[in-house]
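I have placed the structure first, in the form of C-alpha coordinates, so that the comments after it can refer back to it.
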Amino acid sequence: MDIFSLTAETLVTPIVLSFVLGLFAALVRSDLSIPEAIAKGMSLYLLFAIGFKGGVSLADHGIDLTLGLTLLAGVILSALIPLIAYAILRVLSGLSALDAAAVAGHYGSISIVTFVAATSVLESQGIAYDGYMVAVAAAMEAPAILSALWLVTRSKGGGTMEPGLWREIMLNGSIVLLIGAFLIGMITGEEGLKEIAPLVIAPFKGVLCLFLLDMGIIAGRGLRKGRGVLDAGALAFGIIMPILGSLIGLGTAVLIGLPLGSALLLMVLSASASYIAVPAAMRVALPEANPSIYLTLSLGVTFPFNLVLGIPLYLALATAVIGG
Amino acid sequence: MQTHKAKRVEITIEKIMLSRLTAAIEKADVTGYSVLPVFGGSGKSGAWTREGSIGRGDGMVQVICIIRPDRLDTLLDAAFAVVERHIGVVSIVDCEVLRAELF
(Lines give C-alpha, C1' and ligand atoms only; values in the text may rest on other atoms or scores of the structure.)
Protein backbone atom coordinates (compact mmCIF):
# COMPACT_ATOMS: atom_id res chain seq x y z
CA MET A 1 0.00 0.00 0.00
CA ASP A 2 1.44 3.42 -0.91
CA ILE A 3 1.72 6.28 1.53
CA PHE A 4 -1.19 8.25 0.05
CA SER A 5 -3.73 5.45 0.23
CA LEU A 6 -2.47 4.56 3.72
CA THR A 7 -2.82 8.18 4.81
CA ALA A 8 -6.31 8.39 3.32
CA GLU A 9 -7.27 5.15 5.03
CA THR A 10 -6.00 6.23 8.45
CA LEU A 11 -7.46 9.73 8.11
CA VAL A 12 -10.99 8.52 7.54
CA THR A 13 -11.34 6.68 10.83
CA PRO A 14 -13.58 7.58 13.77
CA ILE A 15 -10.47 8.15 15.91
CA VAL A 16 -8.84 10.79 13.70
CA LEU A 17 -12.15 12.38 12.72
CA SER A 18 -13.13 12.71 16.40
CA PHE A 19 -9.86 14.55 17.02
CA VAL A 20 -10.50 16.81 14.01
CA LEU A 21 -14.01 17.54 15.34
CA GLY A 22 -12.59 18.62 18.71
CA LEU A 23 -9.95 20.74 16.99
CA PHE A 24 -12.60 22.38 14.81
CA ALA A 25 -14.90 23.03 17.79
CA ALA A 26 -12.12 24.79 19.70
CA LEU A 27 -10.94 26.82 16.73
CA VAL A 28 -14.46 28.14 16.01
CA ARG A 29 -14.92 28.82 19.75
CA SER A 30 -17.77 26.37 20.26
CA ASP A 31 -18.64 25.75 23.92
CA LEU A 32 -18.19 21.98 23.40
CA SER A 33 -16.17 20.62 26.30
CA ILE A 34 -15.55 17.38 28.18
CA PRO A 35 -15.75 17.74 31.98
CA GLU A 36 -12.40 17.35 33.72
CA ALA A 37 -13.48 14.28 35.72
CA ILE A 38 -14.67 12.44 32.59
CA ALA A 39 -11.43 13.26 30.72
CA LYS A 40 -9.40 11.92 33.66
CA GLY A 41 -11.62 8.82 33.87
CA MET A 42 -11.13 8.09 30.17
CA SER A 43 -7.38 8.54 30.45
CA LEU A 44 -7.31 6.07 33.40
CA TYR A 45 -9.33 3.58 31.36
CA LEU A 46 -7.06 3.86 28.32
CA LEU A 47 -3.90 3.47 30.40
CA PHE A 48 -5.29 0.43 32.17
CA ALA A 49 -6.49 -1.21 28.94
CA ILE A 50 -3.27 -0.64 26.97
CA GLY A 51 -1.11 -1.73 29.92
CA PHE A 52 -3.17 -4.85 30.55
CA LYS A 53 -3.21 -5.91 26.89
CA GLY A 54 0.55 -5.33 26.66
CA GLY A 55 1.14 -7.55 29.69
CA VAL A 56 -1.03 -10.33 28.26
CA SER A 57 0.87 -10.15 24.98
CA LEU A 58 4.20 -10.42 26.82
CA ALA A 59 2.90 -13.42 28.81
CA ASP A 60 2.08 -15.10 25.48
CA HIS A 61 5.41 -14.43 23.81
CA GLY A 62 7.79 -14.57 26.77
CA ILE A 63 10.76 -12.41 27.75
CA ASP A 64 13.79 -12.33 25.46
CA LEU A 65 16.93 -10.34 24.75
CA THR A 66 15.11 -8.05 22.29
CA LEU A 67 12.91 -6.81 25.14
CA GLY A 68 15.93 -5.80 27.22
CA LEU A 69 17.64 -4.18 24.23
CA THR A 70 14.49 -2.25 23.28
CA LEU A 71 14.01 -1.01 26.84
CA LEU A 72 17.64 0.13 26.97
CA ALA A 73 17.32 1.76 23.55
CA GLY A 74 14.18 3.57 24.71
CA VAL A 75 15.96 5.03 27.74
CA ILE A 76 18.94 6.13 25.61
CA LEU A 77 16.67 7.66 22.94
CA SER A 78 14.70 9.55 25.57
CA ALA A 79 17.94 10.98 27.01
CA LEU A 80 19.57 11.79 23.64
CA ILE A 81 16.66 13.21 21.61
CA PRO A 82 16.42 16.36 23.80
CA LEU A 83 20.06 17.17 23.01
CA ILE A 84 19.32 17.02 19.27
CA ALA A 85 16.05 18.92 19.71
CA TYR A 86 17.83 21.63 21.69
CA ALA A 87 20.51 22.10 19.02
CA ILE A 88 17.87 22.35 16.27
CA LEU A 89 15.75 24.78 18.26
CA ARG A 90 18.71 27.07 18.95
CA VAL A 91 19.44 27.20 15.20
CA LEU A 92 15.85 27.39 13.90
CA SER A 93 14.06 29.54 16.45
CA GLY A 94 14.61 32.62 18.54
CA LEU A 95 13.78 30.80 21.78
CA SER A 96 15.95 31.46 24.83
CA ALA A 97 18.24 28.70 26.09
CA LEU A 98 15.81 28.08 28.97
CA ASP A 99 12.71 27.78 26.79
CA ALA A 100 14.60 25.69 24.22
CA ALA A 101 15.74 23.26 26.93
CA ALA A 102 12.21 22.98 28.32
CA VAL A 103 10.80 22.28 24.84
CA ALA A 104 13.60 19.79 24.14
CA GLY A 105 12.67 17.82 27.27
CA HIS A 106 9.14 17.37 25.95
CA TYR A 107 10.39 15.87 22.67
CA GLY A 108 12.57 13.27 24.38
CA SER A 109 9.62 12.06 26.40
CA ILE A 110 6.52 10.47 24.88
CA SER A 111 2.81 10.92 24.21
CA ILE A 112 0.96 7.80 25.33
CA VAL A 113 -2.15 8.87 23.37
CA THR A 114 -0.16 8.95 20.11
CA PHE A 115 1.19 5.52 21.06
CA VAL A 116 -2.34 4.19 21.65
CA ALA A 117 -3.50 5.68 18.32
CA ALA A 118 -0.57 3.96 16.56
CA THR A 119 -1.47 0.59 18.11
CA SER A 120 -5.01 1.15 16.87
CA VAL A 121 -3.72 1.77 13.31
CA LEU A 122 -1.57 -1.38 13.52
CA GLU A 123 -4.56 -3.43 14.65
CA SER A 124 -6.75 -2.07 11.86
CA GLN A 125 -3.98 -2.95 9.35
CA GLY A 126 -3.57 -6.43 10.85
CA ILE A 127 0.07 -5.79 11.80
CA ALA A 128 1.30 -7.48 15.00
CA TYR A 129 3.40 -5.67 17.60
CA ASP A 130 5.15 -6.71 20.80
CA GLY A 131 3.24 -6.11 24.02
CA TYR A 132 6.39 -5.02 25.84
CA MET A 133 6.40 -1.78 23.83
CA VAL A 134 4.08 -0.48 26.57
CA ALA A 135 6.94 -0.92 29.05
CA VAL A 136 9.28 0.86 26.62
CA ALA A 137 6.81 3.77 26.52
CA ALA A 138 6.87 3.98 30.33
CA ALA A 139 10.68 3.81 30.39
CA MET A 140 10.93 6.72 27.94
CA GLU A 141 8.91 9.17 30.08
CA ALA A 142 11.56 10.36 32.52
CA PRO A 143 15.14 10.40 31.12
CA ALA A 144 14.31 13.35 28.86
CA ILE A 145 13.53 15.49 31.92
CA LEU A 146 17.05 14.93 33.26
CA SER A 147 18.52 15.87 29.88
CA ALA A 148 16.48 19.11 29.79
CA LEU A 149 17.67 20.05 33.28
CA TRP A 150 21.24 19.23 32.34
CA LEU A 151 20.93 21.52 29.29
CA VAL A 152 19.73 24.38 31.49
CA THR A 153 22.42 23.84 34.13
CA ARG A 154 25.05 23.72 31.39
CA SER A 155 23.89 26.92 29.70
CA LYS A 156 23.12 29.17 32.65
CA GLY A 157 22.17 27.22 35.74
CA GLY A 158 18.81 27.34 37.43
CA GLY A 159 17.37 23.90 36.77
CA THR A 160 16.79 22.07 40.02
CA MET A 161 15.96 18.41 40.50
CA GLU A 162 14.72 18.12 44.05
CA PRO A 163 14.33 14.58 45.46
CA GLY A 164 10.55 14.95 45.77
CA LEU A 165 10.24 15.79 42.09
CA TRP A 166 12.16 12.68 41.07
CA ARG A 167 9.76 10.52 43.12
CA GLU A 168 6.75 12.30 41.58
CA ILE A 169 8.03 11.69 38.05
CA MET A 170 8.85 8.01 38.59
CA LEU A 171 5.69 7.27 40.57
CA ASN A 172 3.20 9.56 38.84
CA GLY A 173 -0.27 8.04 38.55
CA SER A 174 -0.03 7.38 34.80
CA ILE A 175 3.20 5.39 35.11
CA VAL A 176 2.00 3.43 38.14
CA LEU A 177 -1.28 2.54 36.38
CA LEU A 178 0.37 1.65 33.06
CA ILE A 179 3.07 -0.55 34.62
CA GLY A 180 0.67 -1.95 37.22
CA ALA A 181 -1.89 -2.97 34.57
CA PHE A 182 0.97 -4.37 32.47
CA LEU A 183 2.07 -6.57 35.38
CA ILE A 184 -1.52 -7.68 36.07
CA GLY A 185 -1.88 -8.62 32.40
CA MET A 186 1.45 -10.47 32.45
CA ILE A 187 0.53 -12.42 35.61
CA THR A 188 -3.04 -13.32 34.61
CA GLY A 189 -2.41 -13.82 30.87
CA GLU A 190 -5.10 -14.86 28.39
CA GLU A 191 -7.36 -16.21 31.15
CA GLY A 192 -7.37 -12.82 32.85
CA LEU A 193 -8.03 -11.11 29.54
CA LYS A 194 -11.06 -13.33 28.87
CA GLU A 195 -12.52 -12.31 32.23
CA ILE A 196 -12.33 -8.57 31.59
CA ALA A 197 -12.44 -8.45 27.78
CA PRO A 198 -15.85 -6.70 27.77
CA LEU A 199 -14.15 -3.82 29.62
CA VAL A 200 -10.69 -3.62 28.05
CA ILE A 201 -11.38 -4.70 24.45
CA ALA A 202 -14.92 -3.91 23.28
CA PRO A 203 -15.26 -0.25 24.39
CA PHE A 204 -11.61 0.65 23.76
CA LYS A 205 -11.92 2.36 20.38
CA GLY A 206 -15.11 4.19 21.34
CA VAL A 207 -13.49 5.60 24.49
CA LEU A 208 -10.39 6.48 22.48
CA CYS A 209 -12.62 8.46 20.07
CA LEU A 210 -14.14 10.47 22.92
CA PHE A 211 -10.74 11.00 24.51
CA LEU A 212 -9.34 12.24 21.21
CA LEU A 213 -12.34 14.55 20.83
CA ASP A 214 -11.22 16.08 24.14
CA MET A 215 -7.59 16.15 23.00
CA GLY A 216 -8.71 17.95 19.84
CA ILE A 217 -10.48 20.58 21.94
CA ILE A 218 -7.40 21.02 24.14
CA ALA A 219 -5.07 21.18 21.12
CA GLY A 220 -7.34 23.73 19.43
CA ARG A 221 -7.49 25.88 22.57
CA GLY A 222 -3.71 25.62 22.86
CA LEU A 223 -3.28 26.74 19.26
CA ARG A 224 -5.61 29.68 19.80
CA LYS A 225 -3.83 30.74 22.98
CA GLY A 226 -0.38 30.08 21.54
CA ARG A 227 -0.90 32.27 18.49
CA GLY A 228 1.87 34.82 18.54
CA VAL A 229 3.94 32.86 21.06
CA LEU A 230 5.79 30.79 18.47
CA ASP A 231 7.94 32.14 15.65
CA ALA A 232 8.13 30.43 12.24
CA GLY A 233 11.28 28.54 13.24
CA ALA A 234 9.65 27.10 16.35
CA LEU A 235 6.58 26.08 14.34
CA ALA A 236 8.82 24.38 11.75
CA PHE A 237 10.57 22.59 14.61
CA GLY A 238 7.21 21.17 15.71
CA ILE A 239 6.99 19.32 12.37
CA ILE A 240 10.68 18.63 11.62
CA MET A 241 11.51 17.19 15.05
CA PRO A 242 8.93 14.38 15.03
CA ILE A 243 10.03 13.32 11.54
CA LEU A 244 13.68 13.33 12.64
CA GLY A 245 12.77 11.51 15.85
CA SER A 246 10.90 8.86 13.87
CA LEU A 247 13.95 8.31 11.64
CA ILE A 248 16.17 7.91 14.71
CA GLY A 249 13.61 5.46 16.10
CA LEU A 250 13.56 3.57 12.79
CA GLY A 251 17.35 3.32 12.71
CA THR A 252 17.36 2.01 16.27
CA ALA A 253 14.60 -0.50 15.46
CA VAL A 254 16.61 -1.81 12.50
CA LEU A 255 19.74 -2.15 14.68
CA ILE A 256 17.82 -4.11 17.31
CA GLY A 257 15.98 -6.15 14.68
CA LEU A 258 12.43 -5.22 15.68
CA PRO A 259 9.56 -6.45 13.51
CA LEU A 260 7.42 -3.92 11.60
CA GLY A 261 4.72 -3.28 14.21
CA SER A 262 7.14 -2.75 17.11
CA ALA A 263 9.43 -0.68 14.88
CA LEU A 264 6.52 1.66 14.11
CA LEU A 265 5.78 2.00 17.81
CA LEU A 266 9.42 2.85 18.60
CA MET A 267 9.29 5.44 15.80
CA VAL A 268 6.09 6.93 17.24
CA LEU A 269 7.57 7.03 20.74
CA SER A 270 10.68 8.78 19.41
CA ALA A 271 8.56 11.18 17.33
CA SER A 272 6.00 12.14 19.95
CA ALA A 273 6.23 14.83 22.58
CA SER A 274 4.95 14.75 26.15
CA TYR A 275 2.13 17.01 27.33
CA ILE A 276 1.35 15.39 30.69
CA ALA A 277 4.42 14.25 32.65
CA VAL A 278 7.04 16.68 31.35
CA PRO A 279 4.99 19.92 31.62
CA ALA A 280 4.30 19.07 35.27
CA ALA A 281 8.02 18.47 35.92
CA MET A 282 8.97 21.66 34.08
CA ARG A 283 6.54 23.76 36.11
CA VAL A 284 8.34 22.60 39.26
CA ALA A 285 11.94 22.51 38.05
CA LEU A 286 11.97 25.31 35.46
CA PRO A 287 9.11 27.66 36.41
CA GLU A 288 10.71 30.51 34.44
CA ALA A 289 10.27 28.61 31.17
CA ASN A 290 7.13 29.71 29.30
CA PRO A 291 4.50 26.92 29.40
CA SER A 292 2.63 28.46 26.44
CA ILE A 293 5.64 27.66 24.23
CA TYR A 294 6.17 24.03 25.16
CA LEU A 295 2.49 23.15 25.47
CA THR A 296 1.56 24.79 22.17
CA LEU A 297 4.39 23.00 20.37
CA SER A 298 3.82 19.54 21.85
CA LEU A 299 0.02 19.58 22.03
CA GLY A 300 -0.96 22.10 19.35
CA VAL A 301 1.56 21.29 16.61
CA THR A 302 3.34 17.95 17.04
CA PHE A 303 0.46 15.93 18.48
CA PRO A 304 -1.99 16.74 15.63
CA PHE A 305 0.78 16.25 13.06
CA ASN A 306 1.68 12.82 14.41
CA LEU A 307 -1.93 11.73 14.73
CA VAL A 308 -3.10 12.82 11.30
CA LEU A 309 -0.04 12.62 9.03
CA GLY A 310 2.87 11.26 11.06
CA ILE A 311 1.64 7.77 11.88
CA PRO A 312 0.82 6.83 8.25
CA LEU A 313 4.08 8.41 7.12
CA TYR A 314 6.09 6.47 9.70
CA LEU A 315 4.27 3.25 8.82
CA ALA A 316 5.07 3.74 5.13
CA LEU A 317 8.73 4.41 5.98
CA ALA A 318 8.96 1.40 8.26
CA THR A 319 7.28 -0.81 5.66
CA ALA A 320 9.74 0.38 2.99
CA VAL A 321 12.79 -0.27 5.21
CA ILE A 322 11.76 -3.34 7.21
CA GLY A 323 9.13 -4.84 4.90
CA GLY A 324 5.58 -5.84 5.71
CA MET B 1 -20.28 39.07 70.61
CA GLN B 2 -16.56 39.15 71.35
CA THR B 3 -14.36 38.88 68.25
CA HIS B 4 -10.57 38.72 67.81
CA LYS B 5 -8.36 40.23 65.15
CA ALA B 6 -6.72 37.77 62.72
CA LYS B 7 -5.10 37.70 59.29
CA ARG B 8 -6.54 35.79 56.36
CA VAL B 9 -3.80 34.80 53.89
CA GLU B 10 -4.94 33.67 50.44
CA ILE B 11 -2.35 31.98 48.28
CA THR B 12 -3.37 31.14 44.70
CA ILE B 13 -0.79 28.72 43.31
CA GLU B 14 -0.32 26.10 40.59
CA LYS B 15 -1.82 22.76 41.60
CA ILE B 16 1.51 21.02 41.07
CA MET B 17 3.02 23.16 43.86
CA LEU B 18 0.27 22.48 46.40
CA SER B 19 1.94 19.65 48.32
CA ARG B 20 5.17 21.64 48.54
CA LEU B 21 3.36 24.69 49.85
CA THR B 22 1.32 22.83 52.46
CA ALA B 23 4.45 20.96 53.61
CA ALA B 24 6.29 24.27 54.02
CA ILE B 25 3.54 25.99 55.97
CA GLU B 26 3.01 22.94 58.19
CA LYS B 27 6.75 22.97 58.88
CA ALA B 28 6.28 26.57 60.03
CA ASP B 29 3.69 25.26 62.53
CA VAL B 30 0.71 26.58 60.58
CA THR B 31 -1.46 23.50 60.62
CA GLY B 32 -4.83 25.06 59.87
CA TYR B 33 -5.65 25.84 56.26
CA SER B 34 -8.24 25.14 53.57
CA VAL B 35 -7.60 24.24 49.94
CA LEU B 36 -10.11 25.37 47.31
CA PRO B 37 -10.17 24.49 43.60
CA VAL B 38 -9.94 27.33 41.11
CA PHE B 39 -12.20 26.64 38.14
CA GLY B 40 -10.55 29.03 35.75
CA GLY B 41 -9.39 32.54 35.34
CA SER B 42 -7.18 34.88 33.42
CA GLY B 43 -3.69 36.18 33.98
CA LYS B 44 -0.58 37.32 32.13
CA SER B 45 -0.68 34.20 29.92
CA GLY B 46 -4.37 34.72 29.03
CA ALA B 47 -7.55 32.93 30.04
CA TRP B 48 -7.61 29.31 31.16
CA THR B 49 -10.16 26.79 32.40
CA ARG B 50 -9.99 23.49 34.24
CA GLU B 51 -12.34 21.83 31.76
CA GLY B 52 -10.68 19.12 29.72
CA SER B 53 -7.38 19.54 31.52
CA ILE B 54 -5.34 16.36 31.37
CA GLY B 55 -1.97 17.22 32.82
CA ARG B 56 -0.85 16.94 36.42
CA GLY B 57 0.64 20.40 36.16
CA ASP B 58 -2.57 22.01 34.96
CA GLY B 59 -4.74 24.29 36.99
CA MET B 60 -4.55 26.41 40.09
CA VAL B 61 -5.70 25.99 43.67
CA GLN B 62 -6.17 28.44 46.50
CA VAL B 63 -4.80 27.84 49.99
CA ILE B 64 -6.46 29.90 52.70
CA CYS B 65 -4.96 30.28 56.19
CA ILE B 66 -6.43 32.32 59.01
CA ILE B 67 -3.80 33.04 61.66
CA ARG B 68 -2.97 35.28 64.59
CA PRO B 69 -1.35 38.54 63.42
CA ASP B 70 1.91 37.74 65.27
CA ARG B 71 2.27 34.50 63.18
CA LEU B 72 1.95 36.31 59.84
CA ASP B 73 5.65 36.81 59.08
CA THR B 74 6.49 33.18 59.86
CA LEU B 75 3.79 32.02 57.45
CA LEU B 76 4.77 34.45 54.72
CA ASP B 77 8.46 33.51 54.95
CA ALA B 78 7.60 29.82 54.62
CA ALA B 79 5.13 30.36 51.78
CA PHE B 80 7.31 32.78 49.87
CA ALA B 81 10.22 30.33 49.82
CA VAL B 82 7.99 27.97 47.82
CA VAL B 83 6.02 30.32 45.60
CA GLU B 84 8.73 32.89 44.84
CA ARG B 85 9.59 31.56 41.34
CA HIS B 86 6.09 30.43 40.43
CA ILE B 87 2.88 31.78 38.96
CA GLY B 88 0.50 32.84 41.72
CA VAL B 89 -0.86 35.52 43.97
CA VAL B 90 -0.45 36.01 47.72
CA SER B 91 -2.85 38.40 49.42
CA ILE B 92 -3.45 39.28 53.08
CA VAL B 93 -6.74 40.51 54.48
CA ASP B 94 -7.58 41.73 57.98
CA CYS B 95 -10.39 39.70 59.49
CA GLU B 96 -11.97 38.83 62.79
CA VAL B 97 -12.65 35.41 64.29
CA LEU B 98 -14.88 34.25 67.10
CA ARG B 99 -12.62 31.65 68.74
CA ALA B 100 -9.08 33.02 68.99
CA GLU B 101 -7.71 29.87 70.60
CA LEU B 102 -8.15 27.97 67.32
CA PHE B 103 -5.73 30.15 65.37
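Quick note on naming: the chains in the C-alpha coordinates go A, B, ... in the order shown, residues restart at 1 in each chain, and ligands are numbered from 1 in order of appearance.
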Next on the checklist: Could you list, as number ranges by chain, every residue within 6 Å of stretch 84-99 of chain A, counting only C-alpha atoms and ignoring same-chain residues fewer than 6 positions away?
Outcome noted: A: 152, 233-234, 289
Checklist entry - Among chain B, which residues carry a DSSP assignment of alpha helix (DSSP H), reported as a PyMOL selection string? => result chain B and resi 18-27+72-83
Next on the checklist: Just the number, please: distance in Å from atom CA of A:Leu212 to atom CA of A:Gly261, one decimal.
Outcome noted: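 A separation of 22.1 Å between them.
Nearest-residue note for chain A: choosing from B:Met1, B:Val30, B:Ala24, B:Val83, the minimum distance belongs to B:Val83, counting only C-alpha atoms.
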Next on the checklist: Only residues of chain A matter here; which ones have an atom within 10 Å of chain B, counting only C-alpha atoms? Give them as number ranges by chain.
Outcome noted: A: 33-40, 43, 164, 172-174, 211, 214-215, 217-218, 221-222, 225-226, 274-288, 290-292
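Of note, atom CA of B:Lys44 and atom CA of A:Ile293 are spaced 13.9 Å apart.
Nearest residue to A:Leu177 among A:Gly206, A:Pro304, A:Pro82, A:Gly51 is A:Gly51, counting only C-alpha atoms.
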Next on the checklist: Counting only C-alpha atoms, which residue out of A:Thr188, A:Asn306, A:Thr296, A:Ser18 sits closest to A:Ser270?
Outcome noted: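 Ranked by minimum distance to A:Ser270, first place goes to A:Asn306.
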Next on the checklist: Report, in Å to a single decimal, how far apart atom CA of A:Leu183 and atom CA of A:Leu258 are.
Outcome noted: 22.3 Å
Item to check | Residue contacts of stretch 32-38 of chain B (8 Å, only C-alpha atoms) excluding same-chain residues fewer than 5 positions away, as a PyMOL selection string | outcome: chain B and resi 50+59-66+103
I need the chosen residues saved as an mmCIF file, in the first residue's frame, with N, CA and C atoms.
data_model
loop_
_atom_site.group_PDB
_atom_site.id
_atom_site.type_symbol
_atom_site.label_atom_id
_atom_site.label_comp_id
_atom_site.auth_asym_id
_atom_site.auth_seq_id
_atom_site.Cartn_x
_atom_site.Cartn_y
_atom_site.Cartn_z
ATOM 1 N N ARG B 50 -10.315 24.857 33.820
ATOM 2 C CA ARG B 50 -9.992 23.487 34.243
ATOM 3 C C ARG B 50 -10.593 22.449 33.329
ATOM 4 N N GLY B 59 -3.787 23.761 36.037
ATOM 5 C CA GLY B 59 -4.744 24.291 36.994
ATOM 6 C C GLY B 59 -4.115 24.962 38.196
ATOM 7 N N MET B 60 -4.975 25.665 38.912
ATOM 8 C CA MET B 60 -4.548 26.407 40.092
ATOM 9 C C MET B 60 -5.423 25.991 41.276
ATOM 10 N N VAL B 61 -4.909 26.195 42.456
ATOM 11 C CA VAL B 61 -5.696 25.985 43.668
ATOM 12 C C VAL B 61 -5.465 27.194 44.578
ATOM 13 N N GLN B 62 -6.355 27.344 45.551
ATOM 14 C CA GLN B 62 -6.172 28.438 46.499
ATOM 15 C C GLN B 62 -6.051 27.850 47.909
ATOM 16 N N VAL B 63 -5.009 28.280 48.602
ATOM 17 C CA VAL B 63 -4.802 27.841 49.987
ATOM 18 C C VAL B 63 -5.138 29.034 50.881
ATOM 19 N N ILE B 64 -6.038 28.805 51.816
ATOM 20 C CA ILE B 64 -6.463 29.898 52.699
ATOM 21 C C ILE B 64 -6.077 29.563 54.143
ATOM 22 N N CYS B 65 -5.335 30.462 54.773
ATOM 23 C CA CYS B 65 -4.962 30.278 56.188
ATOM 24 C C CYS B 65 -5.481 31.483 56.967
ATOM 25 N N ILE B 66 -6.060 31.224 58.102
ATOM 26 C CA ILE B 66 -6.430 32.324 59.011
ATOM 27 C C ILE B 66 -5.573 32.162 60.260
ATOM 28 N N PHE B 103 -6.601 29.644 66.436
ATOM 29 C CA PHE B 103 -5.730 30.155 65.372
ATOM 30 C C PHE B 103 -4.324 30.454 65.848
#
Next on the checklist: So that I can check the surroundings of B:Ile25, please list as a ChimeraX atom specification every protein, DNA and RNA residue that reaches within 12 Å of it, counting only C-alpha atoms and ignoring chain neighbours fewer than 3 positions away.
Outcome noted: /B:9,11,18-22,28-33,63-65,67,71-83
